[in-house]
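Below: the structure, in structure tokens.
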Amino acid sequence: MYIKQLSVFIENREGRLEEVLDVLKQSGVNIVSLSLADTSEYGLLRLLVNNPEAGKKALRENGFSAMLTDVLGVKLCHRVGYLQELLEVICKNGINIEYMYALSTGTDDASIVIKTSDLEKAAAILKETAVELVTQEEIA
Amino acid sequence: MIWSKEETMSRAEIEAIQLTRLKDTVKQVWDKVPAYRKKMEDAGVKPEDIQTLKDLAKMPFVTKQDLRDNYPFGLFAVDKEELVRIHASSGTTGKPTVVGYTKRDLEMWTECVSRIAAMGGATKKDVAQICFGYGMFTGALGLHFGLENIGATLVPSSTGNSEKQIMYMKDFGTTLLVATPSYALRLAEVALSMGIDPKKDLNVKIGLVGSELLTEAMREEMHKLWGDDMLVTSNYGMSELMGPGVSGECEHMCGMHINEDYFIPEIIDPKTGEVLPPGEKGELVVTCIYKEGLPLIRYRTKDVTRLIYEPCKCGRTTCRMENLDGRTDDMLKIRGVNVFPSQIEEVILSVDEIGPHYEIILTRKDHADRMEIRVELLKETDSYKELEEIEKKIKSKLRIVLGLDAKISLESPNTLQRFEGKAKRVKDLREGI
Ligand SMILES: [Zn+2]
């Protein structure tokens, strides 16, 4: 139901992002999607990869602070207002959306990654609304 | 264990020894050291003016500058051929300070360090690994001969090659570690990276740390890494006086017992030079009363402490000096506020989400000092909010302790420099200071 996201702390310094990508490359971990906010001092690089455990291990061994976080991958249909309706349902139930970003699964459908306050509840609500969730296998 | 009967003498006995030895030392420098005689003449004092311990206050002070001015052997009280060893401390500015020992000086040094090591729990059963840099620095050889005299098995591994150090600890069954607190932290970190937990997989039960300040927070950090049952004590000394062995903590950890039959401590007001009554805080001034090579009288240590004369629970009657808050030489003046790096260290060590390593960077912009503190993030997180809260927590603790604002820079683990000897954690980039 959930997918494992790899979160990495990086200082906002030249070459740091590249180092992370290089570690993943060296260990044969493929990046499916990523998000990085524009901040001044440091950032949290959030990645969906084909093998999150291997990615975490490789990064930690190379001195990075890395962890796995459960997130939801939600499949969307191409229709005006669909995403808004979806979020409305979640928010109505008192769940906060902490962050979201686009997920490319290589198919024609659009998908998003969302992290909410009560992930279990959010997943249940989405299921009730007959929304299809992305599984870990789909990105592996 | 109490090593020598001299540690439990009555005050009257201690003072009798001190007076005899003080008189001898004053006569010795008057007779043998022209530079010293001149200092005494300038101060209008002759050897016969010293009749009681109180008369010590008539003697002029000696400072590090005097040693520099008389570089290298100008203050030595014996012919060069009587010297059996020379040490020097690396001067960050100008010439190093040079110290010399006669055969008897080395015997005295060994005796002093034996007492300090025994206070810290060392016995002949210990396997003592000395992770101080061997060489001109007095730390390593000082501890070396003292521990050897006790009968401990020495592993003189010096600094560097940390993985090999851990291998020795494991394979030789090291029970006692001599290191600076920062190197002890580093060694624990290296052990963990090798899959060896110092708490469970090593048997190091005694830490004799020195050459760098041991704060209470650092002692706690040592326990966290090396185990709660490790007895971590600090000891005090400086090469000008002898090296390590001037004083050390016993198992009660309530100040450092001074080897008073060899050193007379005084506390003065650093501004006026007046001697302060027992119990008051001020600058520690130490007189060597049994040294032949370099018997400094009233040496200004620049260290701030107070003296405690009440006998200790351990049975020793020697005077104790309170553990230092910081060394005056390390003190920083930031926006007019006096700051010891050790105060910042206490704050860093009290925040669980970050590691024990840090770097302080001082700059000046628009005529105002700026302080940046770089720390390593230990807590793994996926939340910006949490990162901001960690920063805020460090900032507000620093504001309470120092009354100053600092910029906190969070860094990935293992990015800050590690040290094998005395750590250099301050980068002062301010112009004209
Ligand atoms: Zn004691």
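Naming scheme: A, B, ... for chains in displayed order of the structure tokens; residues 1 onward per chain; ligands 1 onward as shown.
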message = Counting only C-alpha atoms, a student should be able to say which residues of chain A come within 12 Å of chain B; what is the right answer, written as a VMD selection string?
response = chain A and resid 5 to 13 16 20 36 to 47 56 59 to 71 98 to 99 115 to 117
Enumerate as a count of residues only the residues within 9 Å of ligand 1, counting only C-alpha atoms and all ligand atoms. 19
Spatial neighbours of region 27-30 of chain A, max dist 7 Å, only C-alpha atoms, sep filter under 4 positions, as a list of chain:residue names:
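In the requested format, the answer is A:Val23, A:Val49, A:Asn50, A:Asn51, A:Gly55, A:Ala58.
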Next, write the just-selected residues to a file, as a compact mmCIF listing (two decimals), in the first residue's frame, keeping N, CA, C and O atoms as the atom set.
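Resulting contents of result.txt:
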```
# COMPACT_ATOMS: atom_id res chain seq x y z
N VAL A 23 26.86 7.99 -5.61
CA VAL A 23 26.81 6.83 -4.72
C VAL A 23 25.75 5.85 -5.21
O VAL A 23 25.97 4.64 -5.28
N VAL A 49 13.32 5.08 -5.53
CA VAL A 49 14.31 4.30 -6.27
C VAL A 49 13.84 2.85 -6.40
O VAL A 49 12.94 2.42 -5.67
N ASN A 50 14.49 2.12 -7.28
CA ASN A 50 14.05 0.74 -7.49
C ASN A 50 14.37 -0.15 -6.29
O ASN A 50 13.67 -1.10 -6.00
N ASN A 51 15.46 0.18 -5.56
CA ASN A 51 15.83 -0.62 -4.40
C ASN A 51 16.18 0.28 -3.22
O ASN A 51 17.35 0.61 -2.99
N GLY A 55 19.82 1.51 -1.52
CA GLY A 55 20.18 2.92 -1.63
C GLY A 55 20.53 3.50 -0.27
O GLY A 55 21.53 4.20 -0.11
N ALA A 58 23.95 2.14 0.97
CA ALA A 58 25.09 2.74 0.26
C ALA A 58 25.33 4.17 0.71
O ALA A 58 26.47 4.59 0.94
```
Given only C-alpha atoms as the basis, pick out the residue of B:Thr215, B:Ala152, B:Leu362, B:Val401 nearest to Gly326 (chain B).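 Under the stated criterion, the closest residue is B:Thr215.
Around Val98 (chain B), within 9 Å and counting only C-alpha atoms, the residues found are Leu67, Arg68, Tyr71, Pro72, Phe73, Ile86, His87, Ala88, Ser89, Ser239 and Glu240 of chain B, once anything fewer than 6 positions away on its own chain is removed.
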Run DSSP on the backbone and grab whatever in region 181-362 of chain B lands in alpha helix (DSSP H); send it over as an mmCIF file with all heavy atoms, in the first residue's frame.
```
data_model
loop_
_atom_site.group_PDB
_atom_site.id
_atom_site.type_symbol
_atom_site.label_atom_id
_atom_site.label_comp_id
_atom_site.auth_asym_id
_atom_site.auth_seq_id
_atom_site.Cartn_x
_atom_site.Cartn_y
_atom_site.Cartn_z
ATOM 1 N N PRO B 181 40.286 13.932 25.289
ATOM 2 C CA PRO B 181 38.876 13.563 25.162
ATOM 3 C C PRO B 181 38.441 13.485 23.694
ATOM 4 O O PRO B 181 37.710 12.575 23.316
ATOM 5 C CB PRO B 181 38.149 14.694 25.892
ATOM 6 C CG PRO B 181 39.143 15.248 26.838
ATOM 7 C CD PRO B 181 40.493 15.058 26.210
ATOM 8 N N SER B 182 38.906 14.416 22.872
ATOM 9 C CA SER B 182 38.439 14.364 21.475
ATOM 10 C C SER B 182 38.966 13.133 20.745
ATOM 11 O O SER B 182 38.266 12.579 19.905
ATOM 12 C CB SER B 182 38.742 15.642 20.699
ATOM 13 O OG SER B 182 39.926 16.218 21.095
ATOM 14 N N TYR B 183 40.176 12.714 21.067
ATOM 15 C CA TYR B 183 40.663 11.496 20.391
ATOM 16 C C TYR B 183 39.935 10.254 20.915
ATOM 17 O O TYR B 183 39.689 9.314 20.164
ATOM 18 C CB TYR B 183 42.184 11.359 20.523
ATOM 19 C CG TYR B 183 42.754 10.321 19.556
ATOM 20 C CD1 TYR B 183 42.248 10.194 18.264
ATOM 21 C CD2 TYR B 183 43.780 9.470 19.934
ATOM 22 C CE1 TYR B 183 42.752 9.253 17.374
ATOM 23 C CE2 TYR B 183 44.299 8.515 19.051
ATOM 24 C CZ TYR B 183 43.772 8.416 17.771
ATOM 25 O OH TYR B 183 44.267 7.483 16.896
ATOM 26 N N ALA B 184 39.583 10.271 22.190
ATOM 27 C CA ALA B 184 38.816 9.142 22.738
ATOM 28 C C ALA B 184 37.474 9.011 22.019
ATOM 29 O O ALA B 184 37.019 7.903 21.725
ATOM 30 C CB ALA B 184 38.610 9.322 24.239
ATOM 31 N N LEU B 185 36.849 10.136 21.706
ATOM 32 C CA LEU B 185 35.588 10.101 20.953
ATOM 33 C C LEU B 185 35.818 9.537 19.563
ATOM 34 O O LEU B 185 35.050 8.719 19.056
ATOM 35 C CB LEU B 185 35.011 11.513 20.785
ATOM 36 C CG LEU B 185 34.449 12.247 21.976
ATOM 37 C CD1 LEU B 185 33.679 13.472 21.501
ATOM 38 C CD2 LEU B 185 33.526 11.354 22.784
ATOM 39 N N ARG B 186 36.889 10.015 18.952
ATOM 40 C CA ARG B 186 37.217 9.560 17.602
ATOM 41 C C ARG B 186 37.456 8.041 17.576
ATOM 42 O O ARG B 186 36.971 7.334 16.696
ATOM 43 C CB ARG B 186 38.458 10.313 17.108
ATOM 44 C CG ARG B 186 38.983 9.857 15.760
ATOM 45 C CD ARG B 186 37.992 10.140 14.668
ATOM 46 N NE ARG B 186 38.377 9.556 13.385
ATOM 47 C CZ ARG B 186 37.498 9.227 12.447
ATOM 48 N NH1 ARG B 186 36.209 9.391 12.666
ATOM 49 N NH2 ARG B 186 37.896 8.735 11.308
ATOM 50 N N LEU B 187 38.206 7.567 18.568
ATOM 51 C CA LEU B 187 38.513 6.136 18.608
ATOM 52 C C LEU B 187 37.232 5.307 18.733
ATOM 53 O O LEU B 187 37.085 4.270 18.089
ATOM 54 C CB LEU B 187 39.479 5.822 19.754
ATOM 55 C CG LEU B 187 40.939 6.252 19.531
ATOM 56 C CD1 LEU B 187 41.735 6.167 20.824
ATOM 57 C CD2 LEU B 187 41.600 5.394 18.450
ATOM 58 N N ALA B 188 36.299 5.788 19.552
ATOM 59 C CA ALA B 188 35.037 5.064 19.714
ATOM 60 C C ALA B 188 34.281 5.027 18.390
ATOM 61 O O ALA B 188 33.704 4.004 18.007
ATOM 62 C CB ALA B 188 34.182 5.731 20.795
ATOM 63 N N GLU B 189 34.313 6.154 17.691
ATOM 64 C CA GLU B 189 33.633 6.254 16.403
ATOM 65 C C GLU B 189 34.241 5.265 15.386
ATOM 66 O O GLU B 189 33.528 4.576 14.667
ATOM 67 C CB GLU B 189 33.833 7.689 15.915
ATOM 68 C CG GLU B 189 32.910 8.202 14.889
ATOM 69 C CD GLU B 189 33.177 9.698 14.679
ATOM 70 O OE1 GLU B 189 34.309 10.074 14.288
ATOM 71 O OE2 GLU B 189 32.259 10.488 14.917
ATOM 72 N N VAL B 190 35.574 5.203 15.392
ATOM 73 C CA VAL B 190 36.254 4.292 14.463
ATOM 74 C C VAL B 190 35.909 2.837 14.816
ATOM 75 O O VAL B 190 35.618 2.028 13.945
ATOM 76 C CB VAL B 190 37.782 4.529 14.483
ATOM 77 C CG1 VAL B 190 38.514 3.441 13.719
ATOM 78 C CG2 VAL B 190 38.111 5.895 13.898
ATOM 79 N N ALA B 191 35.919 2.536 16.117
ATOM 80 C CA ALA B 191 35.573 1.180 16.552
ATOM 81 C C ALA B 191 34.184 0.802 16.036
ATOM 82 O O ALA B 191 33.994 -0.269 15.451
ATOM 83 C CB ALA B 191 35.619 1.082 18.073
ATOM 84 N N LEU B 192 33.217 1.700 16.214
ATOM 85 C CA LEU B 192 31.852 1.416 15.783
ATOM 86 C C LEU B 192 31.785 1.186 14.273
ATOM 87 O O LEU B 192 31.066 0.308 13.806
ATOM 88 C CB LEU B 192 30.908 2.554 16.197
ATOM 89 C CG LEU B 192 30.623 2.628 17.704
ATOM 90 C CD1 LEU B 192 29.939 3.942 18.065
ATOM 91 C CD2 LEU B 192 29.763 1.444 18.158
ATOM 92 N N SER B 193 32.570 1.967 13.540
ATOM 93 C CA SER B 193 32.557 1.794 12.084
ATOM 94 C C SER B 193 33.169 0.446 11.680
ATOM 95 O O SER B 193 32.938 -0.055 10.591
ATOM 96 C CB SER B 193 33.289 2.942 11.396
ATOM 97 O OG SER B 193 34.687 2.766 11.506
ATOM 98 N N PRO B 198 32.646 -0.379 21.622
ATOM 99 C CA PRO B 198 33.577 -0.263 22.753
ATOM 100 C C PRO B 198 32.955 -0.695 24.084
ATOM 101 O O PRO B 198 33.644 -1.223 24.951
ATOM 102 C CB PRO B 198 33.926 1.224 22.774
ATOM 103 C CG PRO B 198 33.649 1.719 21.403
ATOM 104 C CD PRO B 198 32.516 0.881 20.886
ATOM 105 N N LYS B 199 31.658 -0.489 24.234
ATOM 106 C CA LYS B 199 30.981 -0.846 25.489
ATOM 107 C C LYS B 199 30.981 -2.344 25.723
ATOM 108 O O LYS B 199 31.140 -2.801 26.842
ATOM 109 C CB LYS B 199 29.523 -0.369 25.461
ATOM 110 C CG LYS B 199 29.354 1.111 25.671
ATOM 111 C CD LYS B 199 27.925 1.434 26.063
ATOM 112 C CE LYS B 199 26.954 1.292 24.908
ATOM 113 N NZ LYS B 199 26.884 2.468 24.034
ATOM 114 N N LYS B 200 30.755 -3.103 24.644
ATOM 115 C CA LYS B 200 30.579 -4.540 24.806
ATOM 116 C C LYS B 200 31.797 -5.335 24.358
ATOM 117 O O LYS B 200 32.150 -6.346 24.946
ATOM 118 C CB LYS B 200 29.380 -5.014 23.971
ATOM 119 C CG LYS B 200 28.051 -4.484 24.479
ATOM 120 C CD LYS B 200 26.908 -5.131 23.698
ATOM 121 C CE LYS B 200 25.868 -4.105 23.298
ATOM 122 N NZ LYS B 200 25.626 -4.040 21.872
ATOM 123 N N ASP B 201 32.416 -4.884 23.288
ATOM 124 C CA ASP B 201 33.459 -5.699 22.681
ATOM 125 C C ASP B 201 34.865 -5.352 23.149
ATOM 126 O O ASP B 201 35.816 -6.068 22.856
ATOM 127 C CB ASP B 201 33.388 -5.570 21.154
ATOM 128 C CG ASP B 201 31.977 -5.854 20.628
ATOM 129 O OD1 ASP B 201 31.317 -6.726 21.218
ATOM 130 O OD2 ASP B 201 31.538 -5.204 19.665
ATOM 131 N N GLU B 216 32.134 18.206 32.155
ATOM 132 C CA GLU B 216 31.234 17.155 32.672
ATOM 133 C C GLU B 216 30.423 16.549 31.534
ATOM 134 O O GLU B 216 30.152 15.350 31.512
ATOM 135 C CB GLU B 216 30.319 17.708 33.759
ATOM 136 C CG GLU B 216 31.018 17.952 35.099
ATOM 137 C CD GLU B 216 31.888 16.777 35.564
ATOM 138 O OE1 GLU B 216 31.402 15.625 35.595
ATOM 139 O OE2 GLU B 216 33.068 17.017 35.896
ATOM 140 N N ALA B 217 30.042 17.390 30.571
ATOM 141 C CA ALA B 217 29.275 16.882 29.426
ATOM 142 C C ALA B 217 30.121 15.907 28.612
ATOM 143 O O ALA B 217 29.631 14.894 28.118
ATOM 144 C CB ALA B 217 28.814 18.041 28.550
ATOM 145 N N MET B 218 31.423 16.214 28.517
ATOM 146 C CA MET B 218 32.311 15.328 27.763
ATOM 147 C C MET B 218 32.502 14.015 28.517
ATOM 148 O O MET B 218 32.558 12.944 27.924
ATOM 149 C CB MET B 218 33.647 16.037 27.531
ATOM 150 C CG MET B 218 34.629 15.266 26.689
ATOM 151 S SD MET B 218 34.009 14.859 25.039
ATOM 152 C CE MET B 218 34.673 16.211 24.074
ATOM 153 N N ARG B 219 32.572 14.098 29.852
ATOM 154 C CA ARG B 219 32.705 12.876 30.652
ATOM 155 C C ARG B 219 31.490 11.978 30.413
ATOM 156 O O ARG B 219 31.609 10.764 30.268
ATOM 157 C CB ARG B 219 32.824 13.248 32.134
ATOM 158 C CG ARG B 219 33.216 12.049 32.938
ATOM 159 C CD ARG B 219 33.538 12.196 34.408
ATOM 160 N NE ARG B 219 33.695 13.450 35.057
ATOM 161 C CZ ARG B 219 34.785 13.804 35.760
ATOM 162 N NH1 ARG B 219 35.802 12.987 35.848
ATOM 163 N NH2 ARG B 219 34.851 14.966 36.382
ATOM 164 N N GLU B 220 30.322 12.608 30.348
ATOM 165 C CA GLU B 220 29.090 11.848 30.096
ATOM 166 C C GLU B 220 29.118 11.205 28.708
ATOM 167 O O GLU B 220 28.725 10.052 28.534
ATOM 168 C CB GLU B 220 27.909 12.813 30.147
ATOM 169 C CG GLU B 220 26.822 12.404 31.111
ATOM 170 C CD GLU B 220 25.805 13.521 31.227
ATOM 171 O OE1 GLU B 220 24.976 13.645 30.304
ATOM 172 O OE2 GLU B 220 25.870 14.274 32.221
ATOM 173 N N GLU B 221 29.600 11.968 27.750
ATOM 174 C CA GLU B 221 29.709 11.463 26.374
ATOM 175 C C GLU B 221 30.663 10.260 26.327
ATOM 176 O O GLU B 221 30.409 9.274 25.644
ATOM 177 C CB GLU B 221 30.232 12.603 25.484
ATOM 178 C CG GLU B 221 30.158 12.326 23.992
ATOM 179 C CD GLU B 221 28.738 12.296 23.446
ATOM 180 O OE1 GLU B 221 27.853 12.924 24.058
ATOM 181 O OE2 GLU B 221 28.523 11.627 22.412
ATOM 182 N N MET B 222 31.739 10.338 27.110
ATOM 183 C CA MET B 222 32.691 9.224 27.190
ATOM 184 C C MET B 222 31.986 7.982 27.734
ATOM 185 O O MET B 222 32.184 6.870 27.246
ATOM 186 C CB MET B 222 33.861 9.578 28.113
ATOM 187 C CG MET B 222 34.784 10.647 27.583
ATOM 188 S SD MET B 222 36.043 10.002 26.462
ATOM 189 C CE MET B 222 37.085 9.094 27.596
ATOM 190 N N HIS B 223 31.155 8.178 28.754
ATOM 191 C CA HIS B 223 30.413 7.051 29.327
ATOM 192 C C HIS B 223 29.459 6.453 28.300
ATOM 193 O O HIS B 223 29.310 5.243 28.200
ATOM 194 C CB HIS B 223 29.627 7.491 30.562
ATOM 195 C CG HIS B 223 30.502 7.673 31.761
ATOM 196 N ND1 HIS B 223 30.232 8.595 32.749
ATOM 197 C CD2 HIS B 223 31.652 7.070 32.121
ATOM 198 C CE1 HIS B 223 31.181 8.534 33.664
ATOM 199 N NE2 HIS B 223 32.051 7.615 33.302
ATOM 200 N N LYS B 224 28.818 7.327 27.534
ATOM 201 C CA LYS B 224 27.871 6.876 26.530
ATOM 202 C C LYS B 224 28.556 5.954 25.521
ATOM 203 O O LYS B 224 28.015 4.958 25.096
ATOM 204 C CB LYS B 224 27.308 8.103 25.785
ATOM 205 C CG LYS B 224 25.788 8.236 25.891
ATOM 206 C CD LYS B 224 25.300 9.334 24.965
ATOM 207 C CE LYS B 224 24.982 10.609 25.751
ATOM 208 N NZ LYS B 224 24.693 11.757 24.837
ATOM 209 N N LEU B 225 29.781 6.349 25.139
ATOM 210 C CA LEU B 225 30.467 5.597 24.090
ATOM 211 C C LEU B 225 31.259 4.411 24.622
ATOM 212 O O LEU B 225 31.302 3.358 24.011
ATOM 213 C CB LEU B 225 31.409 6.527 23.318
ATOM 214 C CG LEU B 225 30.706 7.560 22.437
ATOM 215 C CD1 LEU B 225 31.669 8.660 22.036
ATOM 216 C CD2 LEU B 225 30.128 6.877 21.199
ATOM 217 N N TRP B 226 31.914 4.585 25.780
ATOM 218 C CA TRP B 226 32.823 3.553 26.276
ATOM 219 C C TRP B 226 32.217 2.707 27.392
ATOM 220 O O TRP B 226 32.812 1.733 27.820
ATOM 221 C CB TRP B 226 34.126 4.199 26.763
ATOM 222 C CG TRP B 226 34.953 4.750 25.641
ATOM 223 C CD1 TRP B 226 34.876 6.016 25.126
ATOM 224 C CD2 TRP B 226 35.950 4.059 24.870
ATOM 225 N NE1 TRP B 226 35.770 6.146 24.086
ATOM 226 C CE2 TRP B 226 36.440 4.974 23.910
ATOM 227 C CE3 TRP B 226 36.476 2.766 24.906
ATOM 228 C CZ2 TRP B 226 37.429 4.621 22.991
ATOM 229 C CZ3 TRP B 226 37.469 2.431 23.989
ATOM 230 C CH2 TRP B 226 37.932 3.347 23.040
ATOM 231 N N PRO B 341 35.323 28.014 24.638
ATOM 232 C CA PRO B 341 34.786 27.005 23.731
ATOM 233 C C PRO B 341 34.145 25.830 24.485
ATOM 234 O O PRO B 341 33.204 25.218 24.001
ATOM 235 C CB PRO B 341 36.019 26.551 22.947
ATOM 236 C CG PRO B 341 36.938 27.723 22.975
ATOM 237 C CD PRO B 341 36.706 28.372 24.306
ATOM 238 N N SER B 342 34.641 25.571 25.703
ATOM 239 C CA SER B 342 34.066 24.473 26.482
ATOM 240 C C SER B 342 32.597 24.712 26.813
ATOM 241 O O SER B 342 31.829 23.771 26.961
ATOM 242 C CB SER B 342 34.863 24.267 27.766
ATOM 243 O OG SER B 342 34.972 25.478 28.476
ATOM 244 N N GLN B 343 32.190 25.983 26.919
ATOM 245 C CA GLN B 343 30.773 26.275 27.180
ATOM 246 C C GLN B 343 29.922 25.877 25.974
ATOM 247 O O GLN B 343 28.820 25.358 26.118
ATOM 248 C CB GLN B 343 30.588 27.783 27.440
ATOM 249 C CG GLN B 343 31.214 28.263 28.729
ATOM 250 C CD GLN B 343 31.085 29.774 28.843
ATOM 251 O OE1 GLN B 343 31.706 30.516 28.089
ATOM 252 N NE2 GLN B 343 30.256 30.231 29.760
ATOM 253 N N ILE B 344 30.459 26.146 24.802
ATOM 254 C CA ILE B 344 29.736 25.772 23.581
ATOM 255 C C ILE B 344 29.678 24.247 23.477
ATOM 256 O O ILE B 344 28.653 23.670 23.136
ATOM 257 C CB ILE B 344 30.422 26.407 22.350
ATOM 258 C CG1 ILE B 344 30.326 27.927 22.452
ATOM 259 C CG2 ILE B 344 29.799 25.892 21.047
ATOM 260 C CD1 ILE B 344 31.079 28.696 21.412
ATOM 261 N N GLU B 345 30.802 23.613 23.842
ATOM 262 C CA GLU B 345 30.849 22.153 23.801
ATOM 263 C C GLU B 345 29.772 21.533 24.695
ATOM 264 O O GLU B 345 29.111 20.571 24.314
ATOM 265 C CB GLU B 345 32.228 21.680 24.239
ATOM 266 C CG GLU B 345 32.375 20.175 24.228
ATOM 267 C CD GLU B 345 33.779 19.751 24.625
ATOM 268 O OE1 GLU B 345 34.702 19.978 23.827
ATOM 269 O OE2 GLU B 345 33.941 19.211 25.727
ATOM 270 N N GLU B 346 29.581 22.110 25.894
ATOM 271 C CA GLU B 346 28.567 21.567 26.802
ATOM 272 C C GLU B 346 27.180 21.604 26.154
ATOM 273 O O GLU B 346 26.402 20.674 26.314
ATOM 274 C CB GLU B 346 28.532 22.360 28.115
ATOM 275 C CG GLU B 346 29.855 22.308 28.841
ATOM 276 C CD GLU B 346 29.761 21.788 30.275
ATOM 277 O OE1 GLU B 346 29.002 20.831 30.535
ATOM 278 O OE2 GLU B 346 30.455 22.348 31.122
ATOM 279 N N VAL B 347 26.901 22.685 25.440
ATOM 280 C CA VAL B 347 25.607 22.806 24.773
ATOM 281 C C VAL B 347 25.484 21.758 23.659
ATOM 282 O O VAL B 347 24.500 21.033 23.575
ATOM 283 C CB VAL B 347 25.410 24.230 24.192
ATOM 284 C CG1 VAL B 347 24.192 24.282 23.273
ATOM 285 C CG2 VAL B 347 25.275 25.244 25.326
ATOM 286 N N ILE B 348 26.522 21.656 22.842
ATOM 287 C CA ILE B 348 26.491 20.706 21.716
ATOM 288 C C ILE B 348 26.256 19.282 22.230
ATOM 289 O O ILE B 348 25.449 18.531 21.689
ATOM 290 C CB ILE B 348 27.847 20.730 20.943
ATOM 291 C CG1 ILE B 348 28.201 22.139 20.498
ATOM 292 C CG2 ILE B 348 27.856 19.724 19.788
ATOM 293 C CD1 ILE B 348 27.478 22.698 19.354
ATOM 294 N N LEU B 349 26.977 18.946 23.317
ATOM 295 C CA LEU B 349 26.872 17.583 23.835
ATOM 296 C C LEU B 349 25.515 17.311 24.480
ATOM 297 O O LEU B 349 25.127 16.166 24.653
ATOM 298 C CB LEU B 349 27.998 17.306 24.830
ATOM 299 C CG LEU B 349 29.412 17.244 24.226
ATOM 300 C CD1 LEU B 349 30.451 17.091 25.313
ATOM 301 C CD2 LEU B 349 29.534 16.092 23.238
ATOM 302 N N SER B 350 24.801 18.380 24.836
ATOM 303 C CA SER B 350 23.513 18.167 25.498
ATOM 304 C C SER B 350 22.374 17.976 24.494
ATOM 305 O O SER B 350 21.252 17.696 24.887
ATOM 306 C CB SER B 350 23.195 19.352 26.419
ATOM 307 O OG SER B 350 22.851 20.476 25.637
#
```
Problem set entry | Nearby residues (only C-alpha atoms) at most 12 Å from Ser104 (chain A), same-chain spacing under 2 positions excluded, as a ChimeraX atom specification | /A:31-35,47-49,73-76,101-102,106-113,134,138-139
*Please run DSSP on the backbone and report, as a ChimeraX atom specification, all residues within region 7-199 of chain B that come out as strand (DSSP E or B).*
/B:62,83-89,97-102,127-130,153-155,176-179
Using only C-alpha atoms, please write the residues we just selected to a file, as a PDB file, in the first residue's frame.
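selection.pdb, written as the output of this step:
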```pdb
ATOM      1  CA  VAL B  62      57.404  34.010  36.067  1.00  0.00           C
ATOM      2  CA  LEU B  83      70.208  17.308  31.813  1.00  0.00           C
ATOM      3  CA  VAL B  84      69.030  13.898  30.712  1.00  0.00           C
ATOM      4  CA  ARG B  85      66.078  14.972  28.614  1.00  0.00           C
ATOM      5  CA  ILE B  86      64.625  17.983  26.854  1.00  0.00           C
ATOM      6  CA  HIS B  87      61.007  18.558  25.878  1.00  0.00           C
ATOM      7  CA  ALA B  88      59.455  21.491  24.083  1.00  0.00           C
ATOM      8  CA  SER B  89      55.943  22.711  23.569  1.00  0.00           C
ATOM      9  CA  THR B  97      59.070  26.844  25.265  1.00  0.00           C
ATOM     10  CA  VAL B  98      61.878  24.495  26.166  1.00  0.00           C
ATOM     11  CA  VAL B  99      62.043  22.460  29.361  1.00  0.00           C
ATOM     12  CA  GLY B 100      64.841  20.240  30.667  1.00  0.00           C
ATOM     13  CA  TYR B 101      65.047  17.438  33.222  1.00  0.00           C
ATOM     14  CA  THR B 102      67.840  16.040  35.355  1.00  0.00           C
ATOM     15  CA  VAL B 127      47.002  -2.862  30.070  1.00  0.00           C
ATOM     16  CA  ALA B 128      47.515   0.821  29.373  1.00  0.00           C
ATOM     17  CA  GLN B 129      47.335   2.111  25.827  1.00  0.00           C
ATOM     18  CA  ILE B 130      48.917   5.519  25.438  1.00  0.00           C
ATOM     19  CA  THR B 153      51.535  -3.258  30.785  1.00  0.00           C
ATOM     20  CA  LEU B 154      52.182  -0.458  28.357  1.00  0.00           C
ATOM     21  CA  VAL B 155      51.012  -0.237  24.771  1.00  0.00           C
ATOM     22  CA  LEU B 176      43.209   1.755  30.374  1.00  0.00           C
ATOM     23  CA  LEU B 177      43.176   4.484  27.768  1.00  0.00           C
ATOM     24  CA  VAL B 178      45.314   7.616  27.771  1.00  0.00           C
ATOM     25  CA  ALA B 179      44.089  10.160  25.224  1.00  0.00           C
TER      26      ALA B 179
END
```
### Query
Skipping near chain neighbours, those fewer than 6 positions away, what residues fall within 7 Å of Ile360 (chain B) using only C-alpha atoms, listed as a PyMOL selection string?
chain B and resi 371-374+425-427
